[in-house]
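Colleague: Next comes the structure file input_3.cif, holding mmCIF, C-alpha atoms.
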data_upload
#
loop_
_atom_site.group_PDB
_atom_site.id
_atom_site.type_symbol
_atom_site.label_atom_id
_atom_site.label_comp_id
_atom_site.auth_asym_id
_atom_site.auth_seq_id
_atom_site.Cartn_x
_atom_site.Cartn_y
_atom_site.Cartn_z
ATOM 1 C CA MET B 544 -43.547 3.731 63.679
ATOM 2 C CA ASN B 545 -45.132 6.721 62.043
ATOM 3 C CA LYS B 546 -42.936 6.278 58.970
ATOM 4 C CA ILE B 547 -44.039 2.643 58.586
ATOM 5 C CA LYS B 548 -47.719 3.633 58.696
ATOM 6 C CA ASP B 549 -46.994 6.383 56.195
ATOM 7 C CA ILE B 550 -45.359 3.931 53.806
ATOM 8 C CA LEU B 551 -48.171 1.389 54.244
ATOM 9 C CA SER B 552 -50.819 4.028 53.511
ATOM 10 C CA ARG B 553 -49.028 5.100 50.324
ATOM 11 C CA PHE B 554 -48.438 1.592 48.950
ATOM 12 C CA LYS B 555 -51.513 -0.647 49.333
ATOM 13 C CA PHE B 556 -49.709 -3.807 48.128
ATOM 14 C CA LEU B 557 -47.358 -3.614 51.122
ATOM 15 C CA LYS B 558 -50.378 -3.806 53.388
ATOM 16 C CA ILE B 559 -51.453 -7.036 51.687
ATOM 17 C CA ILE B 560 -47.941 -8.488 51.771
ATOM 18 C CA GLY B 561 -47.631 -7.580 55.450
ATOM 19 C CA ASN B 562 -50.691 -9.675 56.311
ATOM 20 C CA ARG B 563 -49.690 -12.596 58.523
ATOM 21 C CA TYR B 564 -51.759 -15.096 56.504
ATOM 22 C CA VAL B 565 -49.970 -14.123 53.307
ATOM 23 C CA ILE B 566 -46.598 -14.419 55.013
ATOM 24 C CA VAL B 567 -47.450 -17.866 56.402
ATOM 25 C CA SER B 568 -48.780 -18.973 53.003
ATOM 26 C CA VAL B 569 -45.630 -17.807 51.207
ATOM 27 C CA VAL B 570 -43.395 -19.557 53.743
ATOM 28 C CA PHE B 571 -45.475 -22.741 53.361
ATOM 29 C CA VAL B 572 -45.264 -22.674 49.547
ATOM 30 C CA VAL B 573 -41.498 -22.061 49.605
ATOM 31 C CA TRP B 574 -41.065 -24.862 52.123
ATOM 32 C CA MET B 575 -43.096 -27.334 50.066
ATOM 33 C CA LEU B 576 -41.431 -26.438 46.755
ATOM 34 C CA PHE B 577 -37.802 -26.389 47.813
ATOM 35 C CA LEU B 578 -37.084 -27.560 51.349
ATOM 36 C CA ASP B 579 -39.324 -30.532 52.094
ATOM 37 C CA ASN B 580 -38.339 -34.177 51.518
ATOM 38 C CA TYR B 581 -41.181 -34.446 49.005
ATOM 39 C CA SER B 582 -40.349 -31.176 47.259
ATOM 40 C CA TYR B 583 -40.976 -30.405 43.625
ATOM 41 C CA LEU B 584 -37.261 -30.608 42.854
ATOM 42 C CA GLU B 585 -37.008 -34.052 44.434
ATOM 43 C CA HIS B 586 -39.991 -35.241 42.399
ATOM 44 C CA ARG B 587 -38.356 -34.032 39.201
ATOM 45 C CA LEU B 588 -35.195 -35.999 39.982
ATOM 46 C CA LEU B 589 -37.175 -39.112 40.817
ATOM 47 C CA ASN B 590 -39.233 -38.813 37.633
ATOM 48 C CA LYS B 591 -36.013 -38.551 35.614
ATOM 49 C CA GLU B 592 -34.705 -41.731 37.204
ATOM 50 C CA ILE B 593 -37.996 -43.498 36.538
ATOM 51 C CA ASN B 594 -37.846 -42.521 32.864
ATOM 52 C CA GLU B 595 -34.260 -43.774 32.575
ATOM 53 C CA LEU B 596 -35.192 -47.076 34.181
ATOM 54 C CA GLU B 597 -38.179 -47.482 31.861
ATOM 55 C CA ASP B 598 -35.892 -46.857 28.887
ATOM 56 C CA ASN B 599 -33.533 -49.525 30.224
ATOM 57 C CA ILE B 600 -36.444 -51.947 30.579
ATOM 58 C CA ASN B 601 -37.461 -51.381 26.954
ATOM 59 C CA TYR B 602 -33.873 -51.797 25.772
ATOM 60 C CA TYR B 603 -33.392 -55.080 27.623
ATOM 61 C CA LYS B 604 -36.747 -56.408 26.419
ATOM 62 C CA THR B 605 -35.700 -55.849 22.817
ATOM 63 C CA GLU B 606 -32.333 -57.473 23.522
ATOM 64 C CA ILE B 607 -34.090 -60.491 25.038
ATOM 65 C CA LYS B 608 -36.231 -60.808 21.905
ATOM 66 C CA LYS B 609 -33.142 -60.652 19.686
ATOM 67 C CA ASP B 610 -31.358 -63.250 21.801
ATOM 68 C CA SER B 611 -34.334 -65.598 21.767
ATOM 69 C CA ILE B 612 -34.399 -65.374 17.966
ATOM 70 C CA ARG B 613 -30.676 -66.186 17.894
ATOM 71 C CA ILE B 614 -31.225 -69.180 20.166
ATOM 72 C CA LYS B 615 -33.988 -70.495 17.917
ATOM 73 C CA LYS B 616 -31.683 -70.144 14.907
ATOM 74 C CA LEU B 617 -28.847 -71.974 16.669
ATOM 75 C CA LYS B 618 -30.956 -75.083 17.248
ATOM 76 C CA ASN B 619 -30.154 -76.023 13.645
ATOM 77 C CA SER B 620 -26.684 -77.594 13.257
ATOM 78 C CA ASP B 621 -26.047 -75.710 9.998
ATOM 79 C CA GLN B 622 -26.662 -72.436 11.775
ATOM 80 C CA ILE B 623 -24.311 -73.431 14.580
ATOM 81 C CA GLU B 624 -21.559 -74.102 12.052
ATOM 82 C CA LYS B 625 -22.245 -70.806 10.274
ATOM 83 C CA TYR B 626 -22.144 -68.915 13.563
ATOM 84 C CA ALA B 627 -18.886 -70.566 14.643
ATOM 85 C CA ARG B 628 -17.258 -69.823 11.300
ATOM 86 C CA GLU B 629 -18.355 -66.164 11.238
ATOM 87 C CA LYS B 630 -17.940 -65.280 14.885
ATOM 88 C CA TYR B 631 -14.949 -67.344 15.986
ATOM 89 C CA TYR B 632 -13.256 -67.806 12.596
ATOM 90 C CA MET B 633 -13.294 -71.609 12.821
ATOM 91 C CA LYS B 634 -12.524 -73.598 9.731
ATOM 92 C CA ARG B 635 -12.693 -77.064 8.312
ATOM 93 C CA GLU B 636 -9.637 -79.141 7.579
ATOM 94 C CA ASN B 637 -7.697 -78.168 4.444
ATOM 95 C CA GLU B 638 -9.458 -74.827 4.297
ATOM 96 C CA ASP B 639 -8.008 -71.328 4.367
ATOM 97 C CA ILE B 640 -9.837 -68.323 5.733
ATOM 98 C CA TYR B 641 -9.306 -64.783 4.521
ATOM 99 C CA ILE B 642 -10.855 -62.032 6.616
ATOM 100 C CA ILE B 643 -11.897 -58.936 4.714
ATOM 101 C CA GLU B 644 -13.296 -56.114 6.803
ATOM 102 C CA PHE B 645 -14.917 -52.995 5.426
ATOM 103 C CA GLU B 646 -15.533 -49.730 7.238
ATOM 104 C CA GLY B 647 -18.852 -49.731 9.071
ATOM 105 C CA GLU B 648 -19.130 -53.490 8.688
ATOM 106 C CA GLU B 649 -18.597 -54.166 12.404
ATOM 107 C CA GLU B 650 -21.911 -52.548 13.346
ATOM 108 C CA LYS B 651 -23.762 -54.673 10.809
ATOM 109 C CA GLU B 652 -22.129 -57.889 12.038
ATOM 110 C CA GLN B 653 -23.239 -57.306 15.592
ATOM 111 C CA SER B 654 -26.820 -56.624 14.591
ATOM 112 C CA ASP B 655 -27.036 -59.570 12.136
ATOM 113 C CA PHE B 656 -26.648 -62.338 14.640
#
Step by step, read the file and then write its structure as structure tokens.
Modeller:
Amino acid sequence: MNKIKDILSRFKFLKIIGNRYVIVSVVFVVWMLFLDNYSYLEHRLLNKEINELEDNINYYKTEIKKDSIRIKKLKNSDQIEKYAREKYYMKRENEDIYIIEFEGEEEKEQSDF
């Protein structure tokens, strides 16, 4: 016991750390940051998921806008014929179709219509 008092008198910061209020406060902070159901780590994971879901919402909203534009275009019979010819390679009678594909052209086709 004498050695402990000797050490505490030499190092003042050990006296502060040995205070029961400091110990309880440190345990509380560690508990709240890492061990609790509402910990900081759990909040970070949930915030990541929220950001991913918001990105998905924005993506699907833009896709809905693109699709609605396509639907408006397809109300015209000429556009329906053009779409069927380009997408499904349909043809009229007595007509031959030659398909020429270039590199990188597939990405453009998907974004055009």
Colleague: Quote the spacing between CA of Ile607 (chain B) and CA of Glu595 (chain B) in Å to one decimal place.
Modeller: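 So the two atoms, CA of Ile607 (chain B) and CA of Glu595 (chain B), lie 18.3 Å apart.
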Colleague: Please define a box with edges along x, y and z of the file around all atoms of region 576-589 of chain B given in the file, extend it by 8 Å on each side, and return its centre and edge lengths in Å to one decimal, as JSON.
Modeller:
{"center_x": -38.3, "center_y": -32.8, "center_z": 45.6, "size_x": 22.2, "size_y": 28.7, "size_z": 28.9}
Colleague: Give me, as a PyMOL selection string, all polymer residues having an atom no more than 12 Å from region 559-573 of chain B, counting all atoms listed in the file and skipping those fewer than 3 positions away in the same chain.
Modeller: chain B and resi 547-548+550-552+554-556+576-579+582-584
Colleague: Produce a file of the selected residues containing C-alpha atoms, as a compact mmCIF listing (two decimals), in the coordinates of the input.
Modeller:
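The resulting file, result-v4.txt, is shown below:
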# COMPACT_ATOMS: atom_id res chain seq x y z
CA ILE B 547 -44.04 2.64 58.59
CA LYS B 548 -47.72 3.63 58.70
CA ILE B 550 -45.36 3.93 53.81
CA LEU B 551 -48.17 1.39 54.24
CA SER B 552 -50.82 4.03 53.51
CA PHE B 554 -48.44 1.59 48.95
CA LYS B 555 -51.51 -0.65 49.33
CA PHE B 556 -49.71 -3.81 48.13
CA LEU B 576 -41.43 -26.44 46.76
CA PHE B 577 -37.80 -26.39 47.81
CA LEU B 578 -37.08 -27.56 51.35
CA ASP B 579 -39.32 -30.53 52.09
CA SER B 582 -40.35 -31.18 47.26
CA TYR B 583 -40.98 -30.40 43.62
CA LEU B 584 -37.26 -30.61 42.85
Colleague: Quick one: residues within 12 Å of Glu638 (chain B), only C-alpha atoms, excluding same-chain residues fewer than 5 positions away - as a list in words?
Modeller: Arg628, Tyr632 and Met633 of chain B
Colleague: Check which residues satisfy the PyMOL selection byres ((chain B and resi 613) around 12) in the file shown, then give them as a count of residues only.
Modeller: 20
